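Asker: My structure is in protein_16.txt, and what it holds is compact mmCIF, C-alpha atoms:
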```txt
# COMPACT_ATOMS: atom_id res chain seq x y z
CA MET E 1 0.00 0.00 0.00
CA TYR E 2 1.01 3.58 -0.67
CA SER E 3 2.93 5.15 2.20
CA PRO E 4 1.45 8.33 3.73
CA GLU E 5 4.91 9.78 4.28
CA ASP E 6 4.75 11.23 0.76
CA THR E 7 1.66 13.33 1.53
CA GLU E 8 0.99 16.47 3.48
CA MET E 9 0.47 16.11 7.21
CA ALA E 10 -2.94 16.86 8.66
CA SER E 11 -1.62 17.44 12.17
CA THR E 12 0.22 20.40 13.61
CA ALA E 13 2.73 20.70 16.40
CA GLY E 14 0.01 21.73 18.83
CA THR E 15 -2.19 18.67 18.24
CA LEU E 16 0.41 16.02 17.53
CA ASP E 17 0.49 14.75 21.12
CA SER E 18 -3.31 14.71 21.48
CA PRO E 19 -4.98 11.33 20.93
CA VAL E 20 -8.03 11.13 18.69
CA LYS E 21 -11.04 10.67 20.94
CA GLN E 22 -13.80 11.15 18.37
CA ILE E 23 -14.25 10.99 14.60
CA GLN E 24 -16.69 13.25 12.80
CA ILE E 25 -17.38 12.03 9.30
CA GLU E 26 -19.46 13.74 6.62
CA GLY E 27 -22.47 11.79 5.37
CA MET E 28 -21.26 12.31 1.80
CA VAL E 29 -18.04 10.44 2.64
CA VAL E 30 -20.08 7.48 3.90
CA LEU E 31 -22.06 7.45 0.65
CA LYS E 32 -18.83 7.56 -1.39
CA ILE E 33 -17.44 4.55 0.49
CA ILE E 34 -20.68 2.60 -0.03
CA LYS E 35 -20.76 3.55 -3.72
CA HIS E 36 -17.12 2.51 -4.17
CA TYR E 37 -17.87 -1.00 -2.92
CA GLN E 38 -21.06 -1.30 -4.96
CA GLU E 39 -19.21 -0.34 -8.15
CA GLU E 40 -15.92 -2.24 -7.72
CA GLY E 41 -16.34 -4.70 -4.84
CA GLN E 42 -17.53 -8.21 -5.63
CA GLY E 43 -18.13 -10.72 -2.84
CA SER E 44 -15.00 -11.05 -0.75
CA GLU E 45 -13.00 -8.59 -2.88
CA VAL E 46 -11.65 -5.73 -0.76
CA VAL E 47 -11.83 -2.09 -1.85
CA GLN E 48 -9.66 0.60 -0.28
CA GLY E 49 -9.32 4.35 -0.43
CA VAL E 50 -7.83 7.50 1.10
CA LEU E 51 -9.48 9.60 3.81
CA LEU E 52 -9.04 13.37 3.77
CA GLY E 53 -9.85 15.94 6.41
CA LEU E 54 -8.34 17.82 9.33
CA VAL E 55 -7.70 17.55 13.07
CA VAL E 56 -9.50 19.91 15.46
CA GLU E 57 -8.23 19.48 19.04
CA ASP E 58 -8.99 15.83 19.88
CA ARG E 59 -11.55 15.38 17.08
CA LEU E 60 -10.69 14.04 13.65
CA GLU E 61 -12.98 15.47 10.97
CA ILE E 62 -13.19 13.40 7.76
CA THR E 63 -14.61 15.59 5.03
CA ASN E 64 -13.65 13.82 1.80
CA CYS E 65 -12.24 10.62 0.34
CA PHE E 66 -11.25 9.02 -2.94
CA PRO E 67 -10.69 5.37 -3.88
CA PHE E 68 -7.53 3.49 -4.65
CA PRO E 69 -7.78 2.63 -8.36
CA GLN E 70 -8.30 -0.99 -9.36
CA HIS E 71 -5.57 -2.16 -11.74
CA THR E 72 -4.29 -5.51 -12.95
CA GLU E 73 -0.81 -6.89 -13.49
CA ASP E 74 -1.02 -5.70 -17.10
CA ASP E 75 -0.99 -2.08 -15.89
CA ALA E 76 2.72 -2.17 -15.15
CA ASP E 77 3.18 1.50 -16.00
CA PHE E 78 0.56 2.67 -13.51
CA ASP E 79 2.07 4.75 -10.67
CA GLU E 80 -0.27 4.62 -7.67
CA VAL E 81 1.69 7.19 -5.66
CA GLN E 82 1.67 9.66 -8.54
CA TYR E 83 -2.08 9.13 -9.03
CA GLN E 84 -2.85 9.94 -5.40
CA MET E 85 -0.58 12.96 -5.36
CA GLU E 86 -2.34 14.33 -8.44
CA MET E 87 -5.74 13.70 -6.87
CA MET E 88 -4.80 15.60 -3.71
CA ARG E 89 -3.27 18.41 -5.76
CA SER E 90 -6.47 18.72 -7.79
CA LEU E 91 -8.60 18.84 -4.64
CA ARG E 92 -6.39 21.59 -3.26
CA HIS E 93 -6.89 23.64 -6.42
CA VAL E 94 -10.69 23.60 -5.98
CA ASN E 95 -10.39 24.49 -2.28
CA ILE E 96 -11.43 21.08 -0.89
CA ASP E 97 -9.81 19.55 2.19
CA HIS E 98 -6.84 17.57 0.90
CA LEU E 99 -4.94 16.64 4.06
CA HIS E 100 -4.28 12.92 4.54
CA VAL E 101 -5.88 11.56 7.75
CA GLY E 102 -6.09 7.80 7.11
CA TRP E 103 -7.65 5.20 4.85
CA TYR E 104 -10.69 2.99 4.54
CA GLN E 105 -11.25 -0.65 3.64
CA SER E 106 -14.23 -2.90 3.08
CA THR E 107 -14.51 -6.24 4.86
CA TYR E 108 -16.16 -9.58 4.18
CA TYR E 109 -18.24 -10.76 7.15
CA GLY E 110 -15.92 -8.87 9.49
CA SER E 111 -12.70 -10.47 8.21
CA PHE E 112 -10.23 -7.61 8.47
CA VAL E 113 -7.80 -8.41 11.33
CA SER E 114 -4.71 -9.39 9.33
CA ARG E 115 -0.99 -8.72 9.10
CA ALA E 116 -1.52 -6.59 5.96
CA LEU E 117 -3.91 -4.25 7.81
CA LEU E 118 -1.56 -4.13 10.80
CA ASP E 119 1.44 -3.16 8.66
CA SER E 120 -0.53 -0.58 6.66
CA GLN E 121 -2.03 1.09 9.72
CA PHE E 122 1.36 1.15 11.44
CA SER E 123 2.82 2.89 8.38
CA TYR E 124 0.04 5.50 8.43
CA GLN E 125 0.03 6.01 12.19
CA HIS E 126 3.82 6.22 12.36
CA ALA E 127 3.84 8.98 9.72
CA ILE E 128 0.63 10.76 10.82
CA GLU E 129 -0.16 10.11 14.47
CA GLU E 130 -3.91 10.84 14.21
CA SER E 131 -4.46 8.43 11.30
CA VAL E 132 -7.35 5.96 11.49
CA VAL E 133 -8.64 3.12 9.37
CA LEU E 134 -12.37 2.94 8.64
CA ILE E 135 -13.76 -0.57 8.24
CA TYR E 136 -16.95 -0.79 6.18
CA ASP E 137 -18.97 -4.03 6.32
CA PRO E 138 -21.31 -4.21 3.30
CA ILE E 139 -22.87 -7.50 4.44
CA LYS E 140 -24.08 -6.12 7.76
CA THR E 141 -25.08 -2.86 6.09
CA GLY E 142 -27.23 -4.85 3.66
CA GLN E 143 -29.09 -6.26 6.68
CA GLY E 144 -30.41 -2.78 7.46
CA SER E 145 -27.78 -1.47 9.89
CA LEU E 146 -24.88 0.70 8.73
CA SER E 147 -21.60 -0.90 9.82
CA LEU E 148 -18.75 1.58 9.81
CA LYS E 149 -16.09 1.40 12.51
CA ALA E 150 -12.83 3.29 13.07
CA TYR E 151 -9.71 1.68 14.53
CA ARG E 152 -6.25 2.74 15.63
CA LEU E 153 -3.27 0.77 16.87
CA THR E 154 -2.77 0.96 20.62
CA PRO E 155 0.40 2.64 21.97
CA LYS E 156 1.66 -0.76 23.21
CA LEU E 157 1.36 -2.29 19.75
CA MET E 158 2.96 0.77 18.14
CA GLU E 159 6.03 0.29 20.36
CA ILE E 160 6.21 -3.42 19.48
CA CYS E 161 5.98 -2.64 15.75
CA LYS E 162 8.66 0.05 16.02
CA GLU E 163 11.06 -2.35 17.75
CA LYS E 164 9.95 -5.26 15.49
CA ASP E 165 10.24 -7.58 18.47
CA PHE E 166 7.48 -10.14 17.82
CA THR E 167 9.12 -12.95 19.83
CA PRO E 168 7.17 -14.59 22.66
CA GLU E 169 9.49 -12.94 25.18
CA GLY E 170 9.01 -9.50 23.61
CA LEU E 171 5.23 -9.77 23.57
CA LYS E 172 5.20 -11.12 27.12
CA LYS E 173 7.41 -8.28 28.30
CA ALA E 174 5.11 -5.73 26.67
CA ASN E 175 2.11 -7.49 28.29
CA ILE E 176 0.13 -7.30 25.07
CA GLY E 177 -2.78 -9.56 24.12
CA PHE E 178 -5.26 -9.61 21.28
CA GLU E 179 -7.55 -7.26 23.23
CA HIS E 180 -4.74 -4.65 23.41
CA MET E 181 -3.96 -4.50 19.67
CA PHE E 182 -6.65 -2.20 18.26
CA GLU E 183 -8.67 0.53 19.88
CA GLU E 184 -12.03 1.59 18.46
CA VAL E 185 -12.76 5.30 18.12
CA PRO E 186 -16.40 6.47 18.30
CA ILE E 187 -17.84 7.85 15.06
CA VAL E 188 -20.34 10.68 14.63
CA ILE E 189 -21.90 11.15 11.18
CA ARG E 190 -22.58 14.79 10.39
CA ASN E 191 -24.85 16.17 7.69
CA SER E 192 -25.64 19.72 6.64
CA HIS E 193 -29.09 21.14 7.38
CA LEU E 194 -30.08 20.86 3.70
CA ILE E 195 -29.17 17.17 3.68
CA ASN E 196 -31.21 16.60 6.86
CA VAL E 197 -34.24 18.28 5.27
CA LEU E 198 -33.84 16.10 2.16
CA MET E 199 -33.65 12.95 4.31
CA TRP E 200 -36.83 13.91 6.17
CA GLU E 201 -38.64 14.41 2.87
CA LEU E 202 -37.41 11.05 1.54
CA GLU E 203 -38.52 9.35 4.77
CA ASP E 204 -42.02 10.80 4.40
CA LYS E 205 -42.21 9.51 0.83
CA SER E 206 -41.02 6.00 1.74
CA THR E 207 -43.65 3.25 1.70
CA VAL E 208 -44.74 1.32 4.76
CA ALA E 209 -43.76 -1.99 3.11
CA ASP E 210 -40.12 -0.91 2.97
CA LYS E 211 -40.11 -0.22 6.71
CA HIS E 212 -41.42 -3.72 7.48
CA GLU E 213 -38.24 -5.20 5.99
CA LEU E 214 -36.40 -4.13 9.15
CA LEU E 215 -38.34 -6.86 11.01
CA ASN E 216 -37.11 -9.58 8.65
CA LEU E 217 -36.04 -12.60 10.73
CA SER E 218 -34.35 -14.57 7.92
CA SER E 219 -30.80 -14.57 9.25
CA SER E 220 -29.76 -18.19 8.75
CA ASN E 221 -27.46 -17.49 5.78
CA HIS E 222 -25.59 -14.65 7.49
CA LEU E 223 -25.29 -16.52 10.77
CA GLU E 224 -24.21 -19.74 9.04
CA LYS E 225 -21.45 -17.96 7.08
CA SER E 226 -20.21 -16.14 10.19
CA LEU E 227 -20.03 -19.37 12.18
CA GLN E 228 -18.24 -21.12 9.30
CA LEU E 229 -15.59 -18.39 9.18
CA LEU E 230 -15.33 -18.53 12.97
CA MET E 231 -14.69 -22.29 12.87
CA ASP E 232 -12.02 -21.83 10.18
CA ARG E 233 -10.14 -19.34 12.36
CA VAL E 234 -10.52 -21.60 15.40
CA ASP E 235 -8.92 -24.38 13.34
CA ASP E 236 -6.05 -22.03 12.48
CA MET E 237 -5.71 -21.22 16.17
CA SER E 238 -5.58 -24.90 17.11
CA GLN E 239 -2.84 -25.49 14.51
CA ASP E 240 -0.81 -22.63 15.99
CA ILE E 241 -1.30 -24.12 19.46
CA VAL E 242 0.01 -27.46 18.20
CA LYS E 243 3.07 -25.70 16.74
CA PHE E 244 3.72 -23.90 20.02
CA ASN E 245 3.32 -27.10 22.05
CA THR E 246 5.78 -28.85 19.71
CA TYR E 247 8.23 -25.98 20.18
CA SER E 248 7.84 -26.20 23.98
CA ARG E 249 8.50 -29.95 23.97
CA ASN E 250 11.56 -29.59 21.75
CA LEU E 251 12.89 -26.79 23.94
CA SER E 252 12.35 -28.82 27.11
CA LYS E 253 14.01 -31.86 25.54
CA GLN E 254 17.00 -29.78 24.50
CA GLN E 255 17.31 -28.30 27.99
CA GLN E 256 17.43 -31.83 29.43
CA GLN E 257 20.09 -32.86 26.92
CA LYS E 258 22.14 -29.76 27.77
CA HIS E 259 21.84 -30.48 31.49
CA GLN E 260 22.89 -34.11 31.00
CA TYR E 261 25.85 -33.04 28.88
CA LEU E 262 27.01 -30.57 31.55
CA GLN E 263 26.73 -33.25 34.24
CA ARG E 264 28.79 -35.75 32.21
CA ARG E 265 31.40 -33.09 31.50
CA GLN E 266 31.59 -32.16 35.18
CA GLN E 267 32.03 -35.80 36.22
CA GLU E 268 34.72 -36.35 33.59
CA ASN E 269 36.61 -33.25 34.71
CA ALA E 270 36.48 -34.47 38.30
CA GLN E 271 37.92 -37.85 37.25
CA ARG E 272 40.66 -36.18 35.18
CA GLN E 273 41.54 -33.93 38.10
CA SER E 274 41.88 -36.94 40.43
CA ARG E 275 44.26 -38.54 37.92
CA GLY E 276 46.25 -35.33 37.61
CA GLU E 277 45.22 -34.77 34.01
CA PRO E 278 44.25 -31.38 32.57
CA GLN E 279 40.55 -30.58 32.34
CA LEU E 280 38.60 -30.69 29.08
CA PRO E 281 38.85 -27.53 26.95
CA GLU E 282 36.04 -24.99 27.23
CA GLU E 283 33.35 -25.29 24.57
CA ASP E 284 30.54 -22.97 23.54
CA ILE E 285 27.53 -24.95 24.63
CA ASN E 286 25.15 -22.62 22.77
CA LYS E 287 26.76 -23.65 19.47
CA MET E 288 26.41 -27.30 20.34
CA PHE E 289 22.76 -26.96 21.38
CA LYS E 290 21.15 -24.36 19.15
CA PRO E 291 17.72 -23.44 20.57
CA PRO E 292 14.76 -24.18 18.25
CA GLN E 293 13.12 -21.24 16.54
CA PRO E 294 9.93 -20.17 18.34
CA PRO E 295 6.79 -19.92 16.16
CA PRO E 296 5.66 -16.36 15.32
CA ARG E 297 3.32 -15.21 18.08
CA MET E 298 2.03 -12.10 16.30
CA ASP E 299 0.13 -14.27 13.80
CA THR E 300 -1.51 -16.07 16.72
CA LEU E 301 -2.53 -12.76 18.28
CA LEU E 302 -4.06 -11.65 14.97
CA ILE E 303 -6.00 -14.92 14.71
CA ALA E 304 -7.24 -14.49 18.28
CA GLY E 305 -8.27 -10.92 17.48
CA GLN E 306 -10.18 -12.08 14.42
CA VAL E 307 -11.90 -14.85 16.42
CA ASN E 308 -12.94 -12.24 19.00
CA ASN E 309 -14.27 -10.02 16.20
CA TYR E 310 -16.34 -12.88 14.75
CA CYS E 311 -17.78 -13.61 18.21
CA GLN E 312 -18.74 -9.96 18.66
CA ASN E 313 -20.41 -9.91 15.22
CA VAL E 314 -22.40 -13.07 15.99
CA LYS E 315 -23.38 -11.63 19.39
CA GLU E 316 -24.57 -8.34 17.88
CA PHE E 317 -26.46 -10.04 15.08
CA THR E 318 -28.21 -12.58 17.31
CA SER E 319 -29.14 -9.92 19.89
CA GLN E 320 -30.76 -7.81 17.15
CA ASN E 321 -32.70 -10.82 15.90
CA LEU E 322 -33.86 -11.68 19.42
CA GLY E 323 -35.15 -8.12 19.75
CA LYS E 324 -37.01 -8.46 16.45
CA LEU E 325 -38.42 -11.81 17.56
CA PHE E 326 -39.79 -10.42 20.84
CA MET E 327 -41.19 -7.41 18.98
CA ALA E 328 -42.90 -9.61 16.40
CA GLU E 329 -44.29 -11.81 19.19
CA ALA E 330 -45.69 -8.76 20.98
CA LEU E 331 -47.25 -7.44 17.78
CA GLN E 332 -48.78 -10.84 17.06
CA GLY E 333 -50.26 -10.95 20.57
CA HIS E 334 -52.13 -7.66 19.98
CA ASN E 335 -53.75 -8.97 16.78
```
As C-alpha cells, how would this structure be written, given the file I've shared?

Answerer:
Amino acid sequence: MYSPEDTEMASTAGTLDSPVKQIQIEGMVVLKIIKHYQEEGQGSEVVQGVLLGLVVEDRLEITNCFPFPQHTEDDADFDEVQYQMEMMRSLRHVNIDHLHVGWYQSTYYGSFVSRALLDSQFSYQHAIEESVVLIYDPIKTGQGSLSLKAYRLTPKLMEICKEKDFTPEGLKKANIGFEHMFEEVPIVIRNSHLINVLMWELEDKSTVADKHELLNLSSSNHLEKSLQLLMDRVDDMSQDIVKFNTYSRNLSKQQQQKHQYLQRRQQENAQRQSRGEPQLPEEDINKMFKPPQPPPRMDTLLIAGQVNNYCQNVKEFTSQNLGKLFMAEALQGHN
C-alpha cells in the first residue's frame, strides 16, 4: 500500500500529542465509500481508499475521500503514488480539504484483522499520528444497519511494531494480548441542514412496506457464514497451538540434553583432576545446542483478534434478531 509519508500532514505541532477521541465524518463520505464498494467490490474482494480531512483538538474530521484505483498486473506503468498525489493536488486547487488523515477498507463478514492491515495502519500512524482506518462491512449494512467502525493501533502495539520484536518474550514483556492491539474510536456522522431536510422528505415519501423489511427474521445465511468463518479461524488457532506445544516440547528436551551433557562433563573433569590430568577444553555450549526457533506469536494474536471479532459480530447479530423476535411476538399478541 502507498505510504502516507509522501503526503501532506494533517496534524500540527500543537495537536500532535493529542490522541483522537472522536471521529466526525461527513455523510457524503459514507455514501462515497458505499458507492465505491457497490461499483468495484464483488463478494469477498476488498476495496480501499484515502481519507481526507483535518484535526480539530482531539476530534478528527473526515470531510472527503477518494478510492484506490483498481488495476491488474497488465498495468505495469501505472504509478499509484503519482495518481494519489495528483488527486490531492487537484482537490487543493478547488479548495477542498486535501490533508491525509487515514484510509478505509471494506470487509467480508468482518474479516479484516490481518498482518496486511496491521502493517498498513502502522505505516500510516507512524507517519501521521492521528491516522485511522475505517472498516466498512457491506454484508451487515445490507441487513439494514450501517456498519462503519474506526480503529487505531494501541500505543503498546505501536512500540512493538517500532522495535519489530514479535518474539514470545518480547510480547510477554510488553504485556500485550489480542484485546490490546486495536482501539475503536467512536464515530459521529454529520450532515448539513439541507441534507437533513432532504432525508426527512425522503422518509415521508417512503412506503410502509419498505419499513417492514427491518423486522425480517431470515438470518440463517448470514449466521451460518459467520459461524463457518469462525470455525475456520478456530482451526487455524488450534494449529498454531500445536506448533507452540511442539516448540515447547523440543525446547524442554533440548534443555534436558544440555543439562545431561554438563553433568557428564563435570564428572569427567572431576575424574581427570583426580588422575592429575588437565581438564577438558572450554566449549561454547550454545553452538552445540542451538535453541529451536519459536513460532511467530504475532500471527496467533491476529487470529485471536479475528476470532474475537467474529464472536462480537455473531453476538450483535443474534441480539438484534432476538429483539425483532420479541417485537414480532408482541405485535402478534395484539392482533

Asker: CA of Glu283 (chain E) and CA of Leu251 (chain E) are how many Å apart?

Answerer: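 Between CA of Glu283 (chain E) and CA of Leu251 (chain E) the gap is 20.5 Å.
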
Asker: Between CA of Ser90 (chain E) and CA of Leu54 (chain E), what is the distance in Å, rounded to a tenth?

Answerer: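 So the answer is 17.2 Å.
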
Asker: Residues proximal to (-15.1, -2.3, 3.4) were defined as those with any atom within 8 Å of that point in the file's coordinates, counting all atoms listed in the file. Which are they, as a ChimeraX atom specification?

Answerer: /E:33,37,46-48,104-108,134-138

Asker: Could you tell me how far CA of Asp204 (chain E) sits from CA of Glu329 (chain E), in Å to one decimal place?

Answerer: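 Atom-to-atom, CA of Glu329 (chain E) and CA of Asp204 (chain E) are spaced 27.1 Å apart.
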
Asker: Would you please work out which residue, of E:Ser274, E:Lys172, E:Pro296, E:Gly110, is nearest to Leu230 (chain E) when using all atoms listed in the file?

Answerer: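 For Leu230 (chain E), the nearest of the candidates is E:Gly110.
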
Asker: Which one is closest to Phe122 (chain E): E:Ser226, E:Thr154, E:Gln255, E:Gln24? Count only C-alpha atoms.

Answerer: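 Counting only C-alpha atoms, the residue closest to Phe122 (chain E) is E:Thr154.
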
Asker: Give the answer as one residue: which of E:Arg297, E:Lys315, E:His100, E:Lys205 has the shortest atom-to-atom distance to Pro168 (chain E), using all atoms listed in the file?

Answerer: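 The closest residue to Pro168 (chain E) is E:Arg297.
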
Asker: Could you give me, as number ranges by chain, the residues within 10 Å of region 19-22 of chain E, counting all atoms listed in the file and dropping anything in the same chain fewer than 2 positions from it?

Answerer: E: 15-17, 24-25, 55-61, 129-132, 150, 152, 184-188

Asker: Which residue, E:Met158, E:Leu227, E:Asn308, E:Gln42, has the smallest gap to Gln125 (chain E) when you use all atoms listed in the file?

Answerer: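 Nearest to Gln125 (chain E): E:Met158.
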
Asker: Do you know which residues are at most 8 Å from region 191-198 of chain E counting all atoms listed in the file, after dropping those on the same chain fewer than 5 positions away, and could you put them as a list of chain:residue names?

Answerer: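 With the cut-off at 8 Å, the set is E:Glu26, E:Gly27, E:Met28.
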
Asker: Measuring atom to atom with all atoms listed in the file, identify which of E:Ile303, E:Leu99, E:Leu51, E:Ala328 is nearest to Ile241 (chain E).

Answerer: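 Counting all atoms listed in the file, the residue closest to Ile241 (chain E) is E:Ile303.
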
Asker: Because some atoms of region 30-48 of chain E are absent here, can you restore N, CA, C and O atoms and send them as an mmCIF file, in the frame of the given file?

Answerer:
```
data_model
loop_
_atom_site.group_PDB
_atom_site.id
_atom_site.type_symbol
_atom_site.label_atom_id
_atom_site.label_comp_id
_atom_site.auth_asym_id
_atom_site.auth_seq_id
_atom_site.Cartn_x
_atom_site.Cartn_y
_atom_site.Cartn_z
ATOM 1 N N VAL E 30 -19.508 8.817 3.709
ATOM 2 C CA VAL E 30 -20.080 7.480 3.900
ATOM 3 C C VAL E 30 -20.699 6.984 2.602
ATOM 4 O O VAL E 30 -20.512 5.822 2.209
ATOM 5 N N LEU E 31 -21.432 7.845 1.918
ATOM 6 C CA LEU E 31 -22.060 7.450 0.650
ATOM 7 C C LEU E 31 -21.011 7.119 -0.413
ATOM 8 O O LEU E 31 -21.193 6.188 -1.204
ATOM 9 N N LYS E 32 -19.897 7.848 -0.428
ATOM 10 C CA LYS E 32 -18.830 7.560 -1.390
ATOM 11 C C LYS E 32 -18.209 6.186 -1.135
ATOM 12 O O LYS E 32 -17.901 5.449 -2.082
ATOM 13 N N ILE E 33 -18.012 5.852 0.153
ATOM 14 C CA ILE E 33 -17.440 4.550 0.490
ATOM 15 C C ILE E 33 -18.391 3.429 0.066
ATOM 16 O O ILE E 33 -17.977 2.419 -0.524
ATOM 17 N N ILE E 34 -19.688 3.611 0.353
ATOM 18 C CA ILE E 34 -20.680 2.600 -0.030
ATOM 19 C C ILE E 34 -20.739 2.458 -1.546
ATOM 20 O O ILE E 34 -20.779 1.344 -2.090
ATOM 21 N N LYS E 35 -20.717 3.582 -2.255
ATOM 22 C CA LYS E 35 -20.760 3.550 -3.720
ATOM 23 C C LYS E 35 -19.528 2.884 -4.302
ATOM 24 O O LYS E 35 -19.607 2.140 -5.288
ATOM 25 N N HIS E 36 -18.365 3.134 -3.692
ATOM 26 C CA HIS E 36 -17.120 2.510 -4.170
ATOM 27 C C HIS E 36 -17.222 0.996 -4.120
ATOM 28 O O HIS E 36 -16.844 0.303 -5.078
ATOM 29 N N TYR E 37 -17.754 0.463 -3.013
ATOM 30 C CA TYR E 37 -17.870 -1.000 -2.920
ATOM 31 C C TYR E 37 -18.909 -1.521 -3.912
ATOM 32 O O TYR E 37 -18.704 -2.565 -4.543
ATOM 33 N N GLN E 38 -20.020 -0.830 -4.052
ATOM 34 C CA GLN E 38 -21.060 -1.300 -4.960
ATOM 35 C C GLN E 38 -20.593 -1.316 -6.415
ATOM 36 O O GLN E 38 -21.027 -2.153 -7.206
ATOM 37 N N GLU E 39 -19.683 -0.413 -6.765
ATOM 38 C CA GLU E 39 -19.210 -0.340 -8.150
ATOM 39 C C GLU E 39 -18.043 -1.278 -8.427
ATOM 40 O O GLU E 39 -17.942 -1.837 -9.522
ATOM 41 N N GLU E 40 -17.157 -1.479 -7.455
ATOM 42 C CA GLU E 40 -15.920 -2.240 -7.720
ATOM 43 C C GLU E 40 -15.754 -3.462 -6.825
ATOM 44 O O GLU E 40 -14.939 -4.326 -7.136
ATOM 45 N N GLY E 41 -16.478 -3.549 -5.724
ATOM 46 C CA GLY E 41 -16.340 -4.700 -4.840
ATOM 47 C C GLY E 41 -17.261 -5.838 -5.257
ATOM 48 O O GLY E 41 -18.431 -5.618 -5.587
ATOM 49 N N GLN E 42 -16.742 -7.041 -5.262
ATOM 50 C CA GLN E 42 -17.530 -8.210 -5.630
ATOM 51 C C GLN E 42 -17.262 -9.319 -4.605
ATOM 52 O O GLN E 42 -16.152 -9.846 -4.531
ATOM 53 N N GLY E 43 -18.281 -9.659 -3.825
ATOM 54 C CA GLY E 43 -18.130 -10.720 -2.840
ATOM 55 C C GLY E 43 -17.080 -10.397 -1.802
ATOM 56 O O GLY E 43 -17.174 -9.419 -1.066
ATOM 57 N N SER E 44 -16.054 -11.224 -1.750
ATOM 58 C CA SER E 44 -15.000 -11.050 -0.750
ATOM 59 C C SER E 44 -13.899 -10.102 -1.204
ATOM 60 O O SER E 44 -12.911 -9.920 -0.491
ATOM 61 N N GLU E 45 -14.029 -9.510 -2.382
ATOM 62 C CA GLU E 45 -13.000 -8.590 -2.880
ATOM 63 C C GLU E 45 -12.994 -7.316 -2.037
ATOM 64 O O GLU E 45 -14.042 -6.738 -1.740
ATOM 65 N N VAL E 46 -11.807 -6.882 -1.649
ATOM 66 C CA VAL E 46 -11.650 -5.730 -0.760
ATOM 67 C C VAL E 46 -11.395 -4.478 -1.591
ATOM 68 O O VAL E 46 -10.605 -4.495 -2.540
ATOM 69 N N VAL E 47 -12.093 -3.391 -1.241
ATOM 70 C CA VAL E 47 -11.830 -2.090 -1.850
ATOM 71 C C VAL E 47 -11.239 -1.177 -0.782
ATOM 72 O O VAL E 47 -11.580 -1.277 0.396
ATOM 73 N N GLN E 48 -10.347 -0.286 -1.208
ATOM 74 C CA GLN E 48 -9.660 0.600 -0.280
ATOM 75 C C GLN E 48 -9.621 2.001 -0.861
ATOM 76 O O GLN E 48 -9.786 2.193 -2.069
#
```
